[in-house]
Structure formats: C-alpha cells, structure tokens
$ cat input_13.txt   # compact mmCIF, C-alpha atoms and all ligand atoms
# COMPACT_ATOMS: atom_id res chain seq x y z
CA MET A 29 -26.84 22.36 2.09
CA ASP A 30 -25.37 22.64 5.55
CA SER A 31 -21.77 21.71 6.07
CA VAL A 32 -21.32 18.97 8.61
CA ILE A 33 -17.55 19.18 8.63
CA THR A 34 -15.73 22.45 8.21
CA ALA A 35 -11.94 22.59 8.20
CA GLU A 36 -10.27 25.97 7.96
CA SER A 37 -6.55 26.33 7.31
CA LEU A 38 -5.78 23.22 9.32
CA ALA A 39 -2.13 22.63 10.08
CA LYS A 40 -0.38 20.06 12.24
CA ARG A 41 3.29 20.10 13.09
CA PHE A 42 5.40 17.18 14.26
CA ARG A 43 8.87 17.05 15.70
CA ILE A 44 11.53 14.68 14.52
CA TYR A 45 14.07 14.14 17.27
CA HIS A 46 17.71 13.73 16.38
CA GLN A 47 19.53 10.68 17.55
CA ARG A 48 21.10 10.91 20.93
CA SER A 49 24.63 12.21 20.99
CA GLU A 50 27.16 9.46 21.29
CA THR A 51 30.54 11.10 21.77
CA LEU A 52 31.73 13.93 23.97
CA LYS A 53 32.36 16.06 20.94
CA GLU A 54 28.82 15.48 19.69
CA VAL A 55 27.48 16.33 23.11
CA LEU A 56 29.38 19.61 23.10
CA VAL A 57 28.39 20.48 19.56
CA ASP A 58 24.81 19.42 20.21
CA ARG A 59 24.41 22.03 22.88
CA ARG A 60 24.30 24.65 20.22
CA ARG A 61 22.02 22.70 17.91
CA SER A 62 18.38 22.07 18.57
CA ARG A 63 17.52 18.54 19.52
CA TYR A 64 14.72 18.20 17.03
CA GLU A 65 13.38 19.53 13.78
CA GLU A 66 9.82 20.44 13.10
CA PHE A 67 7.86 19.81 9.98
CA TRP A 68 4.29 20.37 8.92
CA ALA A 69 2.58 17.03 8.31
CA VAL A 70 -0.61 18.90 7.38
CA ASN A 71 -0.33 22.42 6.13
CA ASP A 72 -3.10 24.89 5.48
CA ILE A 73 -5.88 22.50 4.50
CA SER A 74 -9.42 23.81 4.13
CA PHE A 75 -12.55 22.00 3.02
CA GLU A 76 -16.20 21.53 3.78
CA VAL A 77 -18.26 18.38 3.68
CA PRO A 78 -21.99 18.95 3.19
CA GLU A 79 -24.45 16.75 5.01
CA GLY A 80 -24.94 13.35 3.43
CA GLN A 81 -21.87 13.49 1.22
CA THR A 82 -18.96 11.10 1.09
CA PHE A 83 -15.65 12.88 1.05
CA GLY A 84 -12.45 11.15 -0.06
CA ILE A 85 -8.87 11.94 0.86
CA VAL A 86 -6.17 10.50 -1.38
CA GLY A 87 -2.41 10.86 -1.41
CA ALA A 88 0.83 8.91 -1.36
CA ASN A 89 2.24 7.23 1.74
CA GLY A 90 3.18 9.75 4.36
CA SER A 91 1.35 12.60 2.68
CA GLY A 92 -0.61 13.42 5.84
CA LYS A 93 -3.96 11.71 5.24
CA SER A 94 -4.18 9.98 8.62
CA THR A 95 -2.93 13.08 10.42
CA LEU A 96 -5.66 15.12 8.78
CA LEU A 97 -8.28 12.55 9.70
CA LYS A 98 -7.07 12.49 13.32
CA CYS A 99 -7.42 16.27 13.44
CA ILE A 100 -11.02 15.92 12.26
CA ALA A 101 -11.63 13.19 14.82
CA GLY A 102 -10.24 15.37 17.59
CA ILE A 103 -7.51 12.85 18.41
CA LEU A 104 -4.86 15.37 17.38
CA VAL A 105 -5.08 19.05 18.16
CA PRO A 106 -4.16 21.15 15.14
CA ASP A 107 -1.40 23.73 15.61
CA ARG A 108 -3.19 26.18 13.37
CA GLY A 109 -6.63 26.59 11.93
CA ARG A 110 -9.79 24.98 13.19
CA VAL A 111 -12.17 22.18 12.45
CA SER A 112 -15.77 21.68 13.46
CA VAL A 113 -17.99 18.64 13.16
CA LYS A 114 -21.73 18.62 13.72
CA GLY A 115 -23.43 15.53 15.09
CA ARG A 116 -22.22 12.26 16.52
CA MET A 117 -18.98 11.10 15.04
CA ALA A 118 -17.65 7.55 14.95
CA SER A 119 -14.29 6.72 13.54
CA LEU A 120 -12.12 3.86 12.56
CA LEU A 121 -8.65 5.28 12.37
CA GLU A 122 -6.18 2.73 13.58
CA VAL A 123 -6.47 -0.97 14.09
CA GLY A 124 -7.27 -1.52 17.71
CA ALA A 125 -7.30 2.14 18.68
CA GLY A 126 -9.89 2.76 21.34
CA PHE A 127 -9.83 -0.79 22.65
CA HIS A 128 -8.83 -1.74 26.14
CA PRO A 129 -6.65 -4.85 25.69
CA ASP A 130 -7.65 -6.56 28.94
CA TYR A 131 -11.36 -6.19 28.40
CA SER A 132 -13.35 -8.62 26.34
CA GLY A 133 -14.74 -7.71 22.96
CA ARG A 134 -18.16 -7.38 24.56
CA GLU A 135 -16.89 -5.05 27.28
CA ASN A 136 -15.10 -2.97 24.69
CA ILE A 137 -18.31 -2.54 22.75
CA TYR A 138 -19.99 -1.08 25.85
CA LEU A 139 -16.92 1.01 26.58
CA ASN A 140 -16.94 2.48 23.07
CA GLY A 141 -20.63 3.17 23.29
CA ALA A 142 -20.17 4.98 26.60
CA ILE A 143 -17.38 7.11 25.15
CA LEU A 144 -19.73 8.12 22.35
CA GLY A 145 -22.43 8.92 24.85
CA LEU A 146 -24.81 6.18 23.78
CA PRO A 147 -27.17 4.75 26.42
CA ARG A 148 -26.57 1.20 27.52
CA ARG A 149 -29.97 0.10 26.29
CA TYR A 150 -29.06 1.25 22.80
CA ILE A 151 -25.94 -0.93 22.91
CA ASN A 152 -28.07 -3.80 24.21
CA SER A 153 -30.27 -3.44 21.16
CA VAL A 154 -27.41 -3.57 18.64
CA ILE A 155 -24.80 -5.75 20.29
CA ASP A 156 -25.86 -8.95 18.54
CA GLU A 157 -25.67 -7.18 15.22
CA ILE A 158 -22.24 -5.80 16.05
CA VAL A 159 -20.90 -9.21 17.02
CA GLY A 160 -22.54 -10.89 14.05
CA PHE A 161 -21.25 -8.40 11.53
CA ALA A 162 -17.74 -8.79 12.94
CA GLU A 163 -18.12 -12.60 12.83
CA LEU A 164 -16.81 -12.82 16.38
CA GLU A 165 -19.55 -14.83 18.07
CA GLN A 166 -17.09 -17.36 19.43
CA PHE A 167 -14.54 -14.85 20.64
CA ILE A 168 -16.55 -11.95 21.92
CA ASP A 169 -15.97 -12.83 25.59
CA ASN A 170 -12.21 -13.24 25.19
CA PRO A 171 -9.90 -10.31 25.98
CA VAL A 172 -9.19 -8.39 22.78
CA ARG A 173 -5.47 -8.63 23.56
CA ASN A 174 -5.71 -12.13 22.07
CA TYR A 175 -7.38 -10.96 18.87
CA SER A 176 -5.62 -10.97 15.54
CA SER A 177 -5.38 -7.68 13.69
CA GLY A 178 -8.12 -8.87 11.35
CA MET A 179 -10.41 -9.52 14.32
CA TYR A 180 -9.57 -6.12 15.79
CA THR A 181 -10.43 -4.45 12.53
CA ARG A 182 -13.66 -6.31 12.05
CA LEU A 183 -14.77 -5.45 15.57
CA GLY A 184 -13.67 -1.82 15.22
CA PHE A 185 -15.48 -1.43 11.93
CA SER A 186 -18.59 -3.12 13.17
CA ILE A 187 -18.72 -0.94 16.29
CA ALA A 188 -18.14 2.24 14.27
CA ILE A 189 -20.96 1.58 11.83
CA HIS A 190 -23.45 0.45 14.46
CA MET A 191 -23.03 3.47 16.73
CA ASP A 192 -25.63 5.37 14.77
CA PRO A 193 -23.10 8.00 13.70
CA ASP A 194 -24.01 11.12 11.77
CA VAL A 195 -20.40 11.33 10.64
CA LEU A 196 -18.18 8.34 10.04
CA LEU A 197 -14.43 8.62 9.48
CA ILE A 198 -12.70 5.64 7.94
CA ASP A 199 -8.98 5.28 7.40
CA GLU A 200 -7.92 2.64 4.92
CA VAL A 201 -9.71 -0.18 6.76
CA LEU A 202 -11.16 -1.87 3.76
CA ALA A 203 -7.68 -3.10 2.98
CA VAL A 204 -8.01 -5.56 5.84
CA GLY A 205 -10.11 -8.66 6.14
CA ASP A 206 -11.12 -11.16 3.53
CA GLU A 207 -13.00 -10.32 0.37
CA SER A 208 -16.41 -11.22 1.70
CA PHE A 209 -15.92 -8.98 4.74
CA GLN A 210 -14.71 -6.16 2.51
CA ARG A 211 -17.74 -6.55 0.30
CA ARG A 212 -20.05 -6.41 3.29
CA CYS A 213 -18.24 -3.28 4.51
CA MET A 214 -18.67 -1.67 1.12
CA ASP A 215 -22.35 -2.63 1.04
CA HIS A 216 -22.80 -1.22 4.48
CA ILE A 217 -21.04 2.01 3.59
CA GLU A 218 -23.28 2.29 0.52
CA GLY A 219 -26.29 1.82 2.78
CA MET A 220 -25.09 4.54 5.13
CA ARG A 221 -24.64 6.88 2.17
CA ARG A 222 -28.20 6.22 1.12
CA GLU A 223 -29.38 6.97 4.64
CA GLY A 224 -27.80 10.38 4.28
CA ARG A 225 -24.91 9.96 6.68
CA THR A 226 -21.75 11.91 6.13
CA LEU A 227 -18.58 9.96 5.47
CA VAL A 228 -14.91 10.77 5.20
CA PHE A 229 -12.90 8.07 3.58
CA VAL A 230 -9.11 7.94 3.38
CA SER A 231 -7.34 5.63 1.01
CA HIS A 232 -4.58 5.37 -1.47
CA ALA A 233 -6.69 2.91 -3.43
CA ALA A 234 -7.82 5.47 -5.96
CA GLU A 235 -10.44 3.25 -7.59
CA THR A 236 -12.28 2.63 -4.32
CA VAL A 237 -12.36 6.35 -3.70
CA ARG A 238 -13.66 6.90 -7.22
CA LYS A 239 -16.52 4.48 -6.64
CA LEU A 240 -17.45 5.74 -3.22
CA CYS A 241 -16.88 9.46 -2.93
CA ASP A 242 -18.80 12.50 -4.08
CA ARG A 243 -15.96 14.92 -3.60
CA CYS A 244 -12.33 14.41 -2.96
CA LEU A 245 -9.14 16.03 -1.72
CA TRP A 246 -5.63 15.09 -2.81
CA ILE A 247 -2.85 15.95 -0.42
CA ASP A 248 0.84 15.73 -1.08
CA HIS A 249 3.45 16.40 1.61
CA GLY A 250 0.71 17.87 3.75
CA VAL A 251 -0.50 20.43 1.24
CA GLN A 252 -3.54 20.44 -0.97
CA ARG A 253 -2.80 19.47 -4.58
CA ALA A 254 -6.37 19.29 -5.85
CA ALA A 255 -9.88 19.31 -4.51
CA GLY A 256 -13.29 19.00 -6.08
CA ARG A 257 -15.15 16.41 -8.13
CA THR A 258 -13.85 12.94 -7.34
CA GLY A 259 -13.32 11.96 -10.99
CA ASP A 260 -11.12 14.98 -11.70
CA VAL A 261 -9.11 14.71 -8.50
CA VAL A 262 -8.54 10.97 -8.82
CA ASP A 263 -7.53 11.36 -12.47
CA ALA A 264 -5.03 14.04 -11.51
CA TYR A 265 -3.70 11.89 -8.68
CA ILE A 266 -3.35 8.74 -10.80
CA GLY A 267 -1.80 10.82 -13.56
CA GLU A 268 0.87 11.98 -11.18
CA VAL A 269 1.49 8.50 -9.79
CA ASN A 270 1.98 7.21 -13.35
CA ARG A 271 4.19 10.12 -14.31
CA HIS A 272 6.32 9.50 -11.29
CA GLU A 273 6.62 5.81 -12.16
CA THR A 274 7.52 6.61 -15.75
CA GLU A 275 10.27 8.95 -14.59
CA LEU A 276 11.60 6.19 -12.40
CA LEU A 277 11.44 3.75 -15.31
CA ARG A 278 13.29 6.18 -17.54
CA ALA A 279 15.90 6.82 -14.91
CA ILE A 280 16.81 3.19 -14.42
CA SER A 281 16.40 1.91 -17.93
CA ALA A 282 18.09 2.39 -21.26
CA ASP A 283 16.41 1.43 -24.52
CA LEU A 284 15.52 -2.18 -25.05
CA GLY A 285 18.70 -2.79 -27.03
CA GLY A 286 21.33 -5.34 -26.29
CA SER A 287 25.02 -4.81 -25.88
CA GLY A 288 28.13 -4.32 -27.91
CA PRO A 289 30.54 -7.24 -28.22
CA GLY A 290 32.12 -8.33 -24.95
CA TRP A 291 34.81 -10.86 -24.14
CA MET A 292 35.50 -13.24 -27.07
CA GLY A 293 33.15 -11.14 -29.19
CA VAL A 294 30.00 -12.47 -27.48
CA ARG A 295 27.10 -10.11 -27.85
CA ILE A 296 23.54 -9.87 -26.54
CA ALA A 297 21.61 -8.74 -29.57
CA GLY A 298 18.38 -8.10 -27.77
CA VAL A 299 16.22 -8.81 -24.77
CA GLU A 300 12.50 -9.08 -25.31
CA MET A 301 10.01 -9.27 -22.55
CA SER A 302 6.38 -10.33 -22.66
CA GLY A 303 3.72 -8.07 -21.28
CA SER A 304 1.72 -5.24 -22.67
CA GLU A 305 3.95 -2.80 -24.48
CA GLY A 306 3.61 0.88 -23.96
CA GLU A 307 6.71 2.88 -23.58
CA PHE A 308 7.62 0.30 -20.97
CA ASN A 309 6.71 -3.28 -20.37
CA SER A 310 4.00 -3.82 -17.91
CA ILE A 311 2.83 -7.04 -16.37
CA ARG A 312 0.38 -8.07 -13.67
CA THR A 313 1.21 -10.06 -10.58
CA GLY A 314 0.43 -13.69 -11.26
CA GLU A 315 0.74 -13.48 -15.04
CA GLU A 316 3.28 -15.41 -17.06
CA LEU A 317 6.42 -13.48 -17.87
CA SER A 318 8.74 -14.64 -20.59
CA ILE A 319 12.08 -13.17 -21.49
CA ARG A 320 13.82 -13.90 -24.79
CA ILE A 321 17.52 -13.26 -24.87
CA THR A 322 19.06 -13.27 -28.32
CA TYR A 323 22.81 -13.67 -28.45
CA GLN A 324 25.52 -13.79 -31.09
CA ALA A 325 29.01 -15.21 -30.84
CA PRO A 326 31.78 -15.66 -33.40
CA GLU A 327 31.82 -19.41 -32.72
CA PRO A 328 29.73 -21.95 -30.78
CA LEU A 329 29.40 -21.06 -27.12
CA ARG A 330 30.78 -23.79 -24.90
CA GLY A 331 30.38 -23.86 -21.17
CA ALA A 332 28.43 -20.65 -21.05
CA ARG A 333 25.54 -19.84 -18.81
CA PHE A 334 22.94 -17.15 -19.03
CA ARG A 335 21.93 -15.18 -16.00
CA ALA A 336 18.87 -13.03 -15.45
CA SER A 337 18.57 -10.87 -12.35
CA PHE A 338 15.51 -9.01 -11.19
CA TYR A 339 15.62 -6.22 -8.74
CA PRO A 340 13.26 -3.55 -7.47
CA ALA A 341 14.17 0.00 -8.44
CA GLY A 342 17.13 1.19 -6.44
CA ARG A 343 17.48 -1.95 -4.35
CA ASP A 344 19.27 -5.25 -4.13
CA ILE A 345 18.61 -8.23 -6.26
CA LEU A 346 15.32 -9.97 -5.65
CA LEU A 347 16.07 -12.98 -7.79
CA SER A 348 19.09 -13.96 -9.80
CA THR A 349 18.76 -17.15 -11.80
CA ARG A 350 21.12 -18.90 -14.21
CA THR A 351 20.74 -21.53 -16.84
CA ASP A 352 23.00 -23.90 -14.92
CA ASP A 353 20.48 -23.86 -12.05
CA ALA A 354 18.26 -25.66 -14.52
CA GLU A 355 21.06 -28.04 -15.51
CA LEU A 356 21.30 -26.30 -18.81
CA GLY A 357 24.79 -25.00 -18.14
CA GLY A 358 27.81 -26.25 -20.00
CA MET A 359 25.82 -27.20 -23.04
CA SER A 360 27.23 -26.36 -26.35
CA LEU A 361 25.17 -23.67 -27.98
CA PRO A 362 25.09 -22.58 -31.60
CA PRO A 363 26.80 -19.30 -32.48
CA GLU A 364 23.47 -17.55 -32.66
CA GLY A 365 20.27 -18.24 -30.88
CA THR A 366 17.62 -17.29 -28.39
CA VAL A 367 17.49 -18.35 -24.78
CA THR A 368 14.10 -18.05 -23.11
CA LEU A 369 13.33 -17.65 -19.45
CA THR A 370 9.74 -18.18 -18.37
CA VAL A 371 8.32 -17.21 -15.01
CA PRO A 372 4.91 -18.92 -14.99
CA GLN A 373 3.40 -16.66 -12.33
CA VAL A 374 5.18 -13.41 -11.68
CA PRO A 375 5.36 -13.08 -7.89
CA PHE A 376 6.43 -9.44 -7.84
CA LEU A 377 4.01 -6.96 -6.33
CA ASP A 378 3.14 -3.43 -7.45
CA GLY A 379 6.18 -1.44 -8.43
CA VAL A 380 8.98 -0.76 -10.83
CA TYR A 381 11.60 -3.46 -11.40
CA GLY A 382 14.77 -3.83 -13.38
CA LEU A 383 16.05 -6.83 -15.30
CA LYS A 384 19.70 -7.42 -16.05
CA VAL A 385 20.94 -10.11 -18.37
CA GLU A 386 24.47 -11.54 -18.48
CA ILE A 387 26.36 -14.32 -20.17
CA GLU A 388 29.20 -15.89 -18.20
CA ASP A 389 31.77 -18.61 -18.60
CA ILE A 390 30.89 -21.39 -16.18
CA THR A 391 34.40 -22.58 -15.39
CA SER A 392 36.02 -19.24 -14.69
CA GLY A 393 32.89 -17.31 -13.79
CA ARG A 394 34.19 -14.61 -16.10
CA GLN A 395 31.58 -12.51 -17.75
CA TYR A 396 31.36 -12.58 -21.50
CA VAL A 397 28.92 -9.77 -21.73
CA GLU A 398 26.03 -8.03 -20.03
CA VAL A 399 23.37 -5.65 -21.28
CA ASP A 400 24.75 -2.22 -20.57
CA ARG A 401 21.80 -1.01 -18.62
CA PRO A 402 18.95 -2.90 -17.11
CA GLN A 403 15.60 -3.12 -18.68
CA ALA A 404 12.87 -1.66 -16.54
CA PHE A 405 9.35 -2.92 -16.29
CA ARG A 406 6.30 -2.20 -14.24
CA VAL A 407 4.26 -4.67 -12.27
CA GLN A 408 0.68 -3.99 -11.44
CA GLY A 409 -0.58 -5.82 -8.41
CA GLY A 410 -4.22 -5.08 -9.17
CA ARG A 411 -6.64 -5.78 -6.35
CA ARG A 412 -4.13 -7.30 -3.96
CA PHE A 413 -3.72 -6.26 -0.39
CA GLU A 414 -0.33 -7.77 0.21
CA VAL A 415 2.43 -5.22 0.35
CA GLY A 416 6.13 -5.79 -0.17
CA LEU A 417 8.20 -7.01 -3.04
CA ALA A 418 7.02 -10.46 -3.82
CA LEU A 419 3.92 -12.52 -3.37
CA ILE A 420 4.93 -15.61 -1.49
CA GLY A 421 2.37 -18.36 -1.97
CA HIS A 422 0.67 -18.86 1.33
CA ARG A 423 -2.36 -20.29 3.05
CA TRP A 424 -4.32 -19.06 6.06
CA GLN A 425 -6.42 -21.24 8.26
CA VAL A 426 -8.99 -19.75 10.54
CA PRO A 427 -11.58 -21.33 12.76
CA ALA A 428 -15.07 -21.15 11.33
CA ALA A 429 -18.42 -20.88 13.02
CA ASP A 430 -19.28 -24.31 11.66
CA PRO A 431 -16.83 -27.03 12.61
CA SER A 432 -15.18 -27.41 9.21
CA ALA A 433 -12.23 -25.04 8.98
CA VAL A 434 -12.13 -22.34 6.36
CA GLU A 435 -9.02 -22.25 4.25
CA VAL A 436 -7.99 -19.23 2.29
CA SER A 437 -4.95 -19.53 0.14
CA ALA A 438 -3.20 -17.05 -2.06
CA THR A 439 -0.86 -17.74 -4.88
CA GLY A 440 0.12 -15.50 -7.75
N1 LIG B 501 3.16 11.28 15.91
C1 LIG B 501 4.00 11.64 14.94
N2 LIG B 501 5.21 12.19 15.21
C2 LIG B 501 6.05 12.54 14.23
N3 LIG B 501 5.79 12.39 12.92
C3 LIG B 501 4.62 11.83 12.57
C4 LIG B 501 3.66 11.41 13.56
N4 LIG B 501 2.58 10.88 12.91
C5 LIG B 501 2.86 10.97 11.59
N5 LIG B 501 4.08 11.53 11.38
C6 LIG B 501 4.67 11.84 10.08
O1 LIG B 501 3.81 12.74 9.41
C7 LIG B 501 3.75 12.47 8.02
C8 LIG B 501 2.33 12.19 7.61
O2 LIG B 501 1.94 10.94 8.19
P1 LIG B 501 0.49 10.31 7.96
O3 LIG B 501 0.44 9.07 8.78
O4 LIG B 501 -0.53 11.34 8.22
O5 LIG B 501 0.53 9.97 6.42
P2 LIG B 501 -0.51 9.11 5.56
O6 LIG B 501 -0.83 9.92 4.36
O7 LIG B 501 -1.63 8.65 6.41
O8 LIG B 501 0.38 7.87 5.12
P3 LIG B 501 -0.07 6.34 4.80
O9 LIG B 501 -0.62 6.34 3.40
O10 LIG B 501 1.22 5.59 4.87
O11 LIG B 501 -1.06 5.91 5.84
C9 LIG B 501 4.71 11.31 7.80
O12 LIG B 501 5.96 11.84 7.41
C10 LIG B 501 4.80 10.65 9.16
O13 LIG B 501 6.04 10.01 9.32
MG MG B 502 -2.32 6.74 6.95
$ encode --input "input_13.txt" --output "structure tokens" --more "lines below"
Ligand SMILES: Nc1ncnc2c1ncn2[C@@H]1O[C@H](COP(=O)(O)OP(=O)(O)OP(=O)(O)O)[C@@H](O)[C@H]1O
Ligand SMILES: [Mg+2]
Amino acid sequence: MDSVITAESLAKRFRIYHQRSETLKEVLVDRRRSRYEEFWAVNDISFEVPEGQTFGIVGANGSGKSTLLKCIAGILVPDRGRVSVKGRMASLLEVGAGFHPDYSGRENIYLNGAILGLPRRYINSVIDEIVGFAELEQFIDNPVRNYSSGMYTRLGFSIAIHMDPDVLLIDEVLAVGDESFQRRCMDHIEGMRREGRTLVFVSHAAETVRKLCDRCLWIDHGVQRAAGRTGDVVDAYIGEVNRHETELLRAISADLGGSGPGWMGVRIAGVEMSGSEGEFNSIRTGEELSIRITYQAPEPLRGARFRASFYPAGRDILLSTRTDDAELGGMSLPPEGTVTLTVPQVPFLDGVYGLKVEIEDITSGRQYVEVDRPQAFRVQGGRRFEVGLALIGHRWQVPAADPSAVEVSATG
C-alpha cells in the first residue's frame, strides 16, 4: 500500500535561552559563554503511514510528541530530515491554534476552510454540521475570543473532521470536553477510519491509543524507543512507565514495618493500608482508603495524638491530619492498640505518594515516635482528565440549548 506520510530522519532542535545576566560580573563572564543551549526535541525519527491506517504516537510528557506532529503538519520546519504528506491534511494540534480571536466562530470556519483551499460552497454545505457537532449553535456568531477552552476545542475538532481531510492529525484533544463529546469524537474517528482516511493520533493515554491505532511509535526524549504493532509498543511503553513508578516507590519507601521504640518506649508496631497489594499498595482515586496504625507502649498512653501525613513523591505535604483534629486527642489509650484512619474517597490523582505516621505528646508537641521511613503507595486515577495532585470536588454549570441548565459535577 502507498505511504501517505513519510518521515525520514526527522530532527528538530530548540534553543533554551539562559536567564539574563544580572550583575556586572555575570555580564562580563557571559560574554564568553553562549547565551543559549540547544537540544534536540525530536531526533532522527523515521516512519511511514500507509493509506487508511491510524498511527499512534505515545511517550511521556515532554518527549517530543507534539513537536513531531507539528513537523508533520508543516507548522515547524525540521532542522534535519524530511517529511512528506500526500493529500489534504487537517489538524488539531493546539487548542485555539488557527483561530482569529476577533472573528466569530462562523467567520473562523470560513477562514479555516479557505486556508485548506476548500471552496466556499463546500463550507456552506457543511457549516450546519460543523456548528451542530461542536454544540455551538448559540455562540457561533460571537467572537471566539470569548469562548472557553472547551468551546475552542469542540469547534477546532469539528472543523478538522468536517474539512474532508485525507490525513487528520490529532494531538491529545480527546482529553477535553465532556464524556458525551468525547464519545462522539471517538465514534467520528472510528467512522473516518472506516472511510479509509489516514490518521495520526498523539496521546499519553495508552489505552486510547491501543483501541484506536493500527501501528504506533513510542518516543522518549525525542528518540524512537519502539515502533510497530500497537499492542507491542503500548505494552513496552506501559511496562516502562510501571517500572519507573516502581523504582520511585522503592526509592522513597522502606518495608511496611513499624519503628523501634522511641521516647518513653512508645513504638509503632505496624502500619497497614487498604488497597490491592502487590509489591506496593495501590488504590484508585475515589476509593476508600483505610490505614491501621498498631502501637505499643510500656504503659497507657495519655495525652497522645496520632498524626498521618500524605505527600506526593519528592514534594511537600499534601495533607497532615491528627487525631486531635477529630477531638480524639488527649484520650487515654490502652498500652497496645490500633488506631484507624479512614479516607472515604481518596482525592489524590494519578501518581506515587508517601505516608508518614507519627505519635506525639499533645501538651509538649514532642514526638514519641515516627515510622522510620514513609510508606509509599500508588494511586491510579483511571479515566479522569483532571491533572494535579488532588481531586477537589467541583461542579460546572454551562448553558444548554434547552432552557434548563446542564450541571456536571465531579467528586471522587
Ligand atoms: N518552541 C519551543 N522552544 C523551546 N523548547 C520547546 C519548544 N516547544 C517544545 N519545547 C521543548 O521540547 C520538548 C518536547 O516538547 P513537546 O511539546 O513536543 O513534548 P510532548 O511529548 O508533546 O509533551 P506533552 O505530553 O506534555 O504534550 C520539551 O522539552 C519542550 O519543553
Ligand atoms: Mg504535547
């Protein structure tokens, strides 16, 4: 089969500029140093996409996926190598790219069509579909400067797919918009595949790539790590992501044990965490997390409080909570026992977290004991599009085509 996209030894270099010199000495020294460094964001990438195939590009953040896609789209000029694309290409690379902010949505549709060389009568024949698919009937004559990023994306996606492209490039867009819009995008992409269009799809959502793509490329720091059948490439990519996480977990965590005796002989005998046990605990965002802290003391513990602190790997505390926050401080506790902390819906998003447990004296604040090293656990966000550390319960309200407002809320 004919190749529609051919990339040969593509490479793109960027410059990182140093900060401006502040002092006279720096200015003098700087004269001998170069003012910037160069690095290869994409380095020696070659691939071919046969007609009618869907090609996936996966890789971690900053690995060069978008840069590669922009080279294919002709938005960036590669510093080495070459790329050729046969047929009409439409792309959705950045939210709002290719829109003129002062023009209305409608005017931007015509503008985009003109840029792609489509006759006005063709746009006339599809404009209602474009607007309908983007669900922008009420807003289409407003300047796009007033659009939200979701509206931008919906319009951009809708334009791209209705421009009758032979080749469609999509960068990560399905991560925007509500579920029903995403489903319609996926359905539409499936339809385009069936029609024999050629697609390039960039994502770090490996499972979407697995579902959608015939062949796949994994890039890492701009270089090719694997290429070929999607299943194999995605497996290799996920394998590496997991390995990397496990290394991180190992690095920040000791075994699940407790501590030796601390002040006054108080000891944490063990900390047990709920969640599926592999080598490390793993829990999903929104699930219940319970932590059982077993302690031992030579005599009843008076005026003690227990503290549990959660923090993302290598960062500051995200939450530190103590029993006296729950008015359980200062109680007299038996010499041995188990204190349980329950988080009904874990708000933490995808990532590796540490847990540290301490027992302190309430009056003096002095620490009796802490577990020597934190316990690490992994949180899997699943199909969530929020990014960050924690899922903060929230609610969106958007105007709907029918007068009753649509409410979309998200909690853990
Ligand atoms: N215009 C630019 N000037 C300088 N550096 C850039 C430029 N654009 C991208 N970079 C850098 O090039 C590298 C690759 O970026 P790129 O956006 O292609 O990665 P990506 O794989 O798409 O990441 P993400 O998954 O976060 O979208 C990054 O280190 C990025 O900071
Ligand atoms: Mg990107």
$ residues_around --input "input_13.txt" --residues "range 106-121 of chain A" --least-positions-apart "4" --cutoff "9 Å" --atoms "all atoms listed in the file" --output "NGL selection string"
:A and (31-41 or 70-74 or 94 or 96-102 or 125 or 144-145 or 181 or 184-185 or 187-189 or 191-201)
$ atom_distance --input "input_13.txt" --atom1 "CA of Val380 in chain A" --atom2 "CA of Ser337 in chain A"
14.0 Å
$ closest_residue --input "input_13.txt" --among "A:Glu66, A:Glu355, A:Glu76, A:Asp130" --to "ligand LIG 501 (chain B)" --atoms "all atoms listed in the file"
A:Glu66
$ closest_atom_pairs --input "input_13.txt" --of "chain A" --to "ligand MG 502 (chain B)" --cutoff "8 Å" --atoms "all atoms listed in the file" --output "CSV"
residue,atom,partner,partner_atom,distance
A:Asn89,CA,B:MG502,MG,6.9
A:Gly90,CA,B:MG502,MG,6.8
A:Gly92,CA,B:MG502,MG,7.0
A:Lys93,CA,B:MG502,MG,5.5
A:Ser94,CA,B:MG502,MG,4.1
A:Thr95,CA,B:MG502,MG,7.3
A:Asp199,CA,B:MG502,MG,6.8
A:Glu200,CA,B:MG502,MG,7.2
A:Val230,CA,B:MG502,MG,7.8
A:Ser231,CA,B:MG502,MG,7.9
$ atom_distance --input "input_13.txt" --atom1 "CA of Lys239 in chain A" --atom2 "CA of Arg212 in chain A"
15.2 Å
$ residues_around --input "input_13.txt" --residues "Phe376 in chain A" --least-positions-apart "4" --cutoff "12 Å" --atoms "only C-alpha atoms" --output "number ranges by chain"
A: 310-317, 338-340, 346-347, 371-372, 380-382, 405-410, 412, 414-421, 439-440
$ residues_near_point --input "input_13.txt" --point "(21.9, -12.6, -22.8)" --cutoff "8 Å" --atoms "all atoms listed in the file" --output "PyMOL selection string"
chain A and resi 295-299+321-323+334-336+367+385-387+397-399
$ closest_residue --input "input_13.txt" --among "A:Ala88, A:Met214, A:Met179, A:Leu277" --to "ligand LIG 501 (chain B)" --atoms "only C-alpha atoms and all ligand atoms"
A:Ala88
$ closest_residue --input "input_13.txt" --among "A:Gly219, A:Asn309, A:Gly84, A:Tyr138" --to "Arg243 in chain A" --atoms "all atoms listed in the file"
A:Gly84
$ closest_residue --input "input_13.txt" --among "A:Ile143, A:Ile345, A:Ile247, A:Ile103" --to "ligand LIG 501 (chain B)" --atoms "all atoms listed in the file"
A:Ile247
$ atom_distance --input "input_13.txt" --atom1 "CA of His128 in chain A" --atom2 "atom N1 of ligand LIG 501 (chain B)"
20.4 Å
$ residues_around --input "input_13.txt" --residues "Ala162 in chain A" --least-positions-apart "2" --cutoff "10 Å" --atoms "all atoms listed in the file" --output "CSV table (one decimal) with C-alpha atoms, keeping the file's coordinate frame"
chain,number,residue,atom,x,y,z
A,156,ASP,CA,-25.9,-9.0,18.5
A,157,GLU,CA,-25.7,-7.2,15.2
A,158,ILE,CA,-22.2,-5.8,16.0
A,159,VAL,CA,-20.9,-9.2,17.0
A,160,GLY,CA,-22.5,-10.9,14.0
A,164,LEU,CA,-16.8,-12.8,16.4
A,165,GLU,CA,-19.6,-14.8,18.1
A,168,ILE,CA,-16.6,-12.0,21.9
A,178,GLY,CA,-8.1,-8.9,11.4
A,179,MET,CA,-10.4,-9.5,14.3
A,180,TYR,CA,-9.6,-6.1,15.8
A,181,THR,CA,-10.4,-4.4,12.5
A,182,ARG,CA,-13.7,-6.3,12.0
A,183,LEU,CA,-14.8,-5.4,15.6
A,184,GLY,CA,-13.7,-1.8,15.2
A,185,PHE,CA,-15.5,-1.4,11.9
A,186,SER,CA,-18.6,-3.1,13.2
A,187,ILE,CA,-18.7,-0.9,16.3
A,209,PHE,CA,-15.9,-9.0,4.7
$ residues_near_point --input "input_13.txt" --point "(-9.7, 7.4, -12.0)" --cutoff "8 Å" --atoms "only C-alpha atoms" --output "list in words"
Ala234, Glu235, Arg238, Gly259, Asp260, Val262, Asp263 and Ile266 of chain A
$ closest_residue --input "input_13.txt" --among "A:Asp248, A:Asp206, A:Asp215, A:Glu79" --to "ligand LIG 501 (chain B)" --atoms "only C-alpha atoms and all ligand atoms"
A:Asp248
$ closest_residue --input "input_13.txt" --among "A:His232, A:Leu139, A:Ser287, A:Asn170" --to "ligand LIG 501 (chain B)" --atoms "all atoms listed in the file"
A:His232
$ residues_around --input "input_13.txt" --residues "Met292 in chain A" --least-positions-apart "4" --cutoff "10 Å" --atoms "all atoms listed in the file" --output "ChimeraX atom specification"
/A:325-327,329,396-397
